[in-house]
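Structure file model-v1.txt (compact mmCIF, C-alpha atoms) is printed below.
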# COMPACT_ATOMS: atom_id res chain seq x y z
CA MET A 172 0.00 0.00 0.00
CA LYS A 173 1.20 3.51 -0.78
CA VAL A 174 2.14 5.62 2.25
CA ASN A 175 3.47 9.18 1.84
CA ARG A 176 3.86 8.44 -1.88
CA HIS A 177 6.00 5.38 -1.21
CA GLY A 178 5.06 1.78 -1.93
CA ARG A 179 2.59 0.29 -4.39
CA ALA A 180 -0.73 1.96 -5.11
CA LYS A 181 -3.57 0.00 -3.55
CA ILE A 182 -6.14 -1.98 -5.51
CA LEU A 183 -9.48 -0.20 -5.20
CA THR A 184 -12.59 -2.09 -4.12
CA ILE A 185 -15.92 -1.68 -5.88
CA GLU A 186 -17.21 0.26 -2.88
CA GLU A 187 -14.22 2.63 -2.96
CA ILE A 188 -14.67 3.24 -6.67
CA GLN A 189 -18.35 4.02 -6.18
CA ILE A 190 -17.78 6.47 -3.37
CA LEU A 191 -14.95 8.17 -5.24
CA PHE A 192 -17.12 8.85 -8.26
CA SER A 193 -20.24 9.75 -6.28
CA ASP A 194 -18.78 11.84 -3.45
CA GLY A 195 -15.03 12.33 -3.87
CA LEU A 196 -14.66 13.72 -7.39
CA GLN A 197 -16.62 16.94 -7.59
CA LEU A 198 -16.13 18.06 -11.20
CA GLU A 199 -17.47 16.31 -14.28
CA ARG A 200 -14.08 16.67 -15.95
CA ASP A 201 -12.42 14.81 -13.10
CA ARG A 202 -14.96 11.98 -13.14
CA VAL A 203 -14.45 11.56 -16.90
CA LEU A 204 -10.65 11.76 -16.56
CA PHE A 205 -10.46 9.04 -13.93
CA GLY A 206 -13.20 7.07 -15.66
CA VAL A 207 -10.95 6.92 -18.71
CA MET A 208 -8.12 5.64 -16.53
CA LEU A 209 -10.30 3.01 -14.87
CA PHE A 210 -11.87 1.65 -18.06
CA THR A 211 -8.75 1.68 -20.24
CA ALA A 212 -6.04 0.91 -17.63
CA CYS A 213 -3.99 3.81 -19.00
CA ARG A 214 -1.36 5.86 -17.19
CA ILE A 215 -2.07 9.35 -15.85
CA ASN A 216 0.02 11.08 -18.51
CA GLU A 217 -1.68 9.10 -21.26
CA ALA A 218 -5.10 10.24 -20.04
CA CYS A 219 -4.13 13.88 -19.51
CA THR A 220 -2.65 14.24 -23.00
CA LEU A 221 -5.62 12.77 -24.87
CA ARG A 222 -6.90 14.94 -27.72
CA THR A 223 -10.59 15.22 -28.50
CA THR A 224 -9.86 13.65 -31.91
CA ASP A 225 -8.51 10.60 -30.08
CA VAL A 226 -11.98 10.04 -28.64
CA TYR A 227 -14.61 11.73 -30.84
CA ASP A 228 -15.18 11.48 -34.58
CA ARG A 229 -15.84 14.46 -36.88
CA ARG A 230 -19.49 14.47 -35.91
CA GLY A 231 -18.64 14.66 -32.23
CA ARG A 232 -19.65 11.08 -31.51
CA VAL A 233 -17.63 8.78 -29.25
CA MET A 234 -15.56 6.43 -31.37
CA ASP A 235 -15.46 2.69 -30.78
CA GLU A 236 -11.81 2.90 -29.68
CA ILE A 237 -9.71 5.45 -27.82
CA ILE A 238 -6.31 6.21 -29.33
CA PHE A 239 -3.29 6.57 -27.05
CA ARG A 240 -0.59 8.13 -29.16
CA LYS A 241 2.89 6.68 -29.15
CA GLN A 242 4.56 9.95 -28.13
CA ASN A 243 2.47 10.12 -24.96
CA THR A 244 3.06 6.54 -23.80
CA LYS A 245 5.78 5.48 -21.38
CA GLY A 246 8.90 4.70 -23.37
CA LYS A 247 7.12 5.86 -26.54
CA LEU A 248 6.95 2.22 -27.66
CA ALA A 249 3.77 2.12 -29.71
CA THR A 250 0.35 3.66 -30.25
CA ARG A 251 -2.45 1.72 -28.51
CA THR A 252 -6.15 1.59 -29.33
CA ILE A 253 -8.49 0.51 -26.54
CA PRO A 254 -12.16 -0.41 -27.08
CA VAL A 255 -14.62 1.89 -25.34
CA PHE A 256 -16.52 0.10 -22.56
CA GLU A 257 -20.22 1.01 -22.37
CA ASP A 258 -19.95 2.79 -18.99
CA LEU A 259 -17.09 4.88 -20.36
CA ARG A 260 -19.09 5.65 -23.51
CA VAL A 261 -21.85 7.10 -21.35
CA LEU A 262 -19.38 9.30 -19.47
CA LEU A 263 -17.80 10.56 -22.69
CA THR A 264 -21.13 11.09 -24.46
CA ASN A 265 -22.46 13.20 -21.59
CA TYR A 266 -19.18 15.06 -21.12
CA SER A 267 -19.97 18.74 -21.65
CA ILE A 268 -16.83 19.79 -23.47
CA ASN A 269 -16.60 21.70 -26.73
CA ARG A 270 -15.67 19.04 -29.27
CA SER A 271 -13.50 21.63 -31.06
CA GLU A 272 -11.16 21.81 -28.04
CA ARG A 273 -7.73 20.39 -28.84
CA TYR A 274 -7.39 18.43 -25.62
CA LEU A 275 -10.01 16.26 -23.95
CA PHE A 276 -9.03 17.61 -20.53
CA PRO A 277 -7.99 21.27 -20.93
CA GLY A 278 -5.75 22.96 -18.39
CA ARG A 279 -6.70 26.16 -16.58
CA LEU A 280 -4.78 28.44 -18.90
CA GLU A 281 -3.78 26.50 -22.00
CA GLY A 282 -2.86 23.02 -23.14
CA HIS A 283 -4.00 19.98 -21.19
CA ILE A 284 -4.32 19.36 -17.47
CA GLN A 285 -0.96 18.40 -16.00
CA PRO A 286 -0.48 14.97 -14.40
CA ASP A 287 0.68 16.56 -11.14
CA SER A 288 -2.52 18.62 -10.97
CA ALA A 289 -4.62 15.53 -11.66
CA SER A 290 -2.76 13.66 -8.90
CA ARG A 291 -3.50 16.44 -6.41
CA ILE A 292 -7.18 16.32 -7.35
CA PHE A 293 -7.23 12.59 -6.77
CA ARG A 294 -5.45 12.82 -3.41
CA ARG A 295 -7.95 15.41 -2.19
CA ALA A 296 -10.83 13.20 -3.32
CA CYS A 297 -9.38 10.21 -1.45
CA ILE A 298 -8.93 12.24 1.72
CA SER A 299 -12.50 13.53 1.53
CA VAL A 300 -13.95 9.99 1.43
CA GLY A 301 -11.40 8.35 3.74
CA ILE A 302 -9.48 6.18 1.26
CA VAL A 303 -5.88 5.51 2.34
CA GLY A 304 -3.00 4.16 0.26
CA ALA A 305 -4.36 4.98 -3.20
CA SER A 306 -2.86 7.05 -6.01
CA THR A 307 -3.81 7.69 -9.62
CA HIS A 308 -1.91 4.50 -10.45
CA SER A 309 -4.54 2.59 -8.45
CA PHE A 310 -6.90 2.79 -11.42
CA ARG A 311 -4.38 1.07 -13.68
CA ARG A 312 -3.51 -1.63 -11.11
CA THR A 313 -7.18 -2.17 -10.29
CA ALA A 314 -8.18 -2.57 -13.94
CA LEU A 315 -5.34 -4.93 -14.82
CA THR A 316 -5.82 -7.04 -11.69
CA GLN A 317 -9.55 -7.29 -12.40
CA MET A 318 -8.80 -8.58 -15.90
CA SER A 319 -6.36 -11.14 -14.52
CA ASN A 320 -8.85 -12.29 -11.86
CA GLY A 321 -11.44 -12.63 -14.59
CA GLY A 322 -9.28 -15.20 -16.35
CA ILE A 323 -8.14 -12.98 -19.22
CA PRO A 324 -4.82 -14.34 -20.61
CA LEU A 325 -1.78 -12.25 -19.69
CA ARG A 326 -0.84 -11.81 -23.34
CA VAL A 327 -4.21 -10.17 -23.99
CA ILE A 328 -3.90 -7.96 -20.90
CA GLN A 329 -0.47 -6.90 -22.15
CA GLU A 330 -2.12 -5.55 -25.32
CA VAL A 331 -4.28 -3.33 -23.12
CA SER A 332 -1.58 -2.24 -20.69
CA GLY A 333 1.15 -1.60 -23.24
CA HIS A 334 3.84 -3.24 -21.10
CA ARG A 335 6.99 -4.24 -22.94
CA ASN A 336 6.99 -7.75 -21.50
CA LEU A 337 4.91 -10.01 -19.27
CA GLY A 338 7.38 -9.67 -16.40
CA GLN A 339 6.62 -5.97 -16.13
CA LEU A 340 2.91 -6.62 -16.31
CA GLN A 341 2.94 -9.24 -13.55
CA LYS A 342 4.36 -6.69 -11.10
CA TYR A 343 1.08 -4.79 -11.41
CA LEU A 344 -1.15 -7.71 -10.55
CA GLU A 345 -2.15 -8.41 -6.98
CA VAL A 346 -3.15 -11.73 -5.46
CA GLN A 347 -5.97 -11.45 -2.93
CA PRO A 348 -6.09 -13.54 0.29
CA ASP A 349 -9.35 -15.22 -0.79
CA GLN A 350 -7.65 -16.31 -4.01
CA VAL A 351 -4.92 -18.01 -1.98
CA ARG A 352 -7.56 -19.72 0.17
CA GLY A 353 -9.37 -20.80 -2.99
CA ALA A 354 -6.15 -22.23 -4.40
CA ILE A 355 -5.60 -24.30 -1.27
CA ALA A 356 -9.25 -25.38 -1.19
CA SER A 357 -8.89 -26.72 -4.73
CA LEU A 358 -6.53 -29.36 -3.32
CA SER A 359 -9.53 -31.11 -1.76
CA MET A 360 -9.76 -33.23 -4.92
CA LEU A 361 -6.47 -34.83 -3.87
CA SER A 362 -7.88 -36.01 -0.53
CA PRO A 363 -6.91 -39.64 0.30
CA GLY A 364 -10.28 -40.07 2.04
CA TYR A 365 -9.36 -39.79 5.73
CA GLY A 366 -12.06 -40.27 8.35
CA ASP A 367 -15.61 -41.02 7.15
CA GLY A 368 -14.53 -40.79 3.55
CA GLY A 369 -11.99 -43.64 3.81
CA ASP A 370 -14.35 -46.44 2.78
CA GLN A 371 -15.66 -44.42 -0.14
CA CYS A 372 -12.14 -43.70 -1.32
CA HIS A 373 -11.32 -47.43 -1.17
CA GLU A 374 -14.43 -48.28 -3.20
CA ILE A 375 -13.43 -45.77 -5.87
CA LEU A 376 -9.96 -47.33 -6.05
CA ILE A 377 -11.41 -50.83 -6.48
CA ASP A 378 -13.78 -49.58 -9.15
CA LYS A 379 -10.96 -48.02 -11.13
CA ILE A 380 -8.95 -51.23 -11.27
CA THR A 381 -11.81 -53.38 -12.61
CA THR A 382 -10.61 -52.63 -16.10
CA PHE A 383 -7.28 -54.38 -15.43
CA SER A 384 -6.92 -57.78 -17.04
CA ASP A 385 -4.44 -59.26 -14.56
CA VAL A 386 -6.39 -60.55 -11.53
CA GLU A 387 -3.26 -61.07 -9.44
CA HIS A 388 -2.25 -57.46 -10.16
CA LYS A 389 -5.67 -56.36 -8.94
CA ALA A 390 -5.19 -58.15 -5.65
CA ASP A 391 -1.82 -56.54 -5.09
CA ILE A 392 -3.29 -53.09 -5.57
CA ILE A 393 -6.29 -53.77 -3.33
CA LYS A 394 -3.90 -54.72 -0.50
CA LEU A 395 -2.53 -51.20 -0.68

Kindly present the structure from the file in structure tokens form.
Amino acid sequence: MKVNRHGRAKILTIEEIQILFSDGLQLERDRVLFGVMLFTACRINEACTLRTTDVYDRRGRVMDEIIFRKQNTKGKLATRTIPVFEDLRVLLTNYSINRSERYLFPGRLEGHIQPDSASRIFRRACISVGIVGASTHSFRRTALTQMSNGGIPLRVIQEVSGHRNLGQLQKYLEVQPDQVRGAIASLSMLSPGYGDGGDQCHEILIDKITTFSDVEHKADIIKL
């Protein structure tokens, strides 16, 4: 968990996300900005530098994919296109911004909102609703971890995240305690049948060896 800007940004719960968007983030621009981060798993700089033409077509309609330009990505490795999730489409459709603006999230004076300013807005929102250990990077970690927990292959998640390799991506993903408990619980299928289940286990073993052709071999196994 992040403390005084040190450590890893926490994974947000559904309840924390809901309260952030309902009570913590006061401006529509901020809700759309962090909604973009949540539903595309992008970095703060990638969201802040989005142009309106990366999101809206010439008629002002939300496109099917958001474009994250190569020059604004970490390491400037490649341009990414991310499908627009329905909840994000609603946010962007209702976003009251002049579609002729150059940037999707304009700054106070000119250009786009700066990542540091966006981070301050987020920290204030977290304080106001009592969320500890989160940063703007929490949206990215939360989104990628949710995909992983949902069984999405890492190679597919990598296409969304833009990580150079799977090793970098795996550092973002968090294993929850209930997942560890579930992993251990899955070992129940290996049970040798102690206690009341012992007789049943023995019957299953006998049943499995009925297909053997060597009767003497059967007897040897049953003695086990």

For Ser271 of chain A: contacts at 9 Å, all atoms listed in the file, fewer than 5 positions along chain excluded, given as a list in words: Thr223, Thr224 and Gly231 of chain A

Write to file, as a PDB file, in the frame of the given file, the residues of the selection just made, with C-alpha atoms.
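Generated output (selection_3.pdb):
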ATOM      1  CA  THR A 223     -10.590  15.220 -28.500  1.00  0.00           C
ATOM      2  CA  THR A 224      -9.860  13.650 -31.910  1.00  0.00           C
ATOM      3  CA  GLY A 231     -18.640  14.660 -32.230  1.00  0.00           C
TER       4      GLY A 231
END

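With distances taken over all atoms listed in the file, A:Phe293 is the one residue among A:Phe276, A:Tyr266, A:Phe293, A:Phe192 lying closest to Ala305 of chain A.
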
Arg279 of chain A environment, 12 Å, all atoms listed in the file, sequence neighbours closer than 5 positions dropped, as a list in words: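 Once the nearby chain positions are removed, what remains is Tyr274, Ile284, Gln285, Ser288 and Ala289 of chain A.
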
Length of the atom CA of Pro286 of chain A to atom CA of Ala180 of chain A vector [Å]: 16.0 Å

Straight-line distance linking atom CA of Arg260 of chain A with atom CA of Phe310 of chain A, stated in Å to one decimal: 17.4 Å

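Distances to Leu340 of chain A were evaluated for A:Val233, A:Ile185, A:Leu263, A:Ala212 using only C-alpha atoms, and the minimum falls at A:Ala212.
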
Proximity to Arg214 of chain A - best of A:Thr250, A:Phe239, A:Arg232, A:Leu183, all atoms listed in the file: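 Selected residue with least distance to Arg214 of chain A: A:Phe239.
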
Computed interatomic separation between atom CA of Ala249 of chain A and atom CA of Val331 of chain A (Å): 11.7 Å

Best match for closeness to Asn320 of chain A among A:Gly282, A:Thr264, A:Asp349, A:Ile238, counting all atoms listed in the file: A:Asp349

Residues within 7 Å of Ile182 of chain A, all atoms listed in the file, excluding chain neighbours under 2 positions, as a PyMOL selection string: chain A and resi 180+184+309+312-313

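Proximity to Phe256 of chain A at 12 Å, evaluated using all atoms listed in the file and with sequence-adjacent residues fewer than 2 positions away removed, yields Gly206, Val207, Met208, Leu209, Phe210, Thr211, Ala212, Val233, Met234, Asp235, Glu236, Ile237, Ile253, Pro254, Asp258, Leu259, Arg260, Val261, Leu262 and Leu263 of chain A.
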
Selected residue, from A:Asn243, A:His283, A:Arg222, A:Ile188, that lies nearest to Arg270 of chain A when counting all atoms listed in the file: A:Arg222

Top pick for closest residue to Leu248 of chain A, considering A:Glu217, A:Ala356, A:Ser267, A:Gly333 and counting only C-alpha atoms: A:Gly333

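Using all atoms listed in the file, the residues found no farther than 7 Å from segment 296-302 of chain A, other than those of its own chain fewer than 4 positions away, are Leu191, Gly195, Leu196 and Ile292 of chain A.
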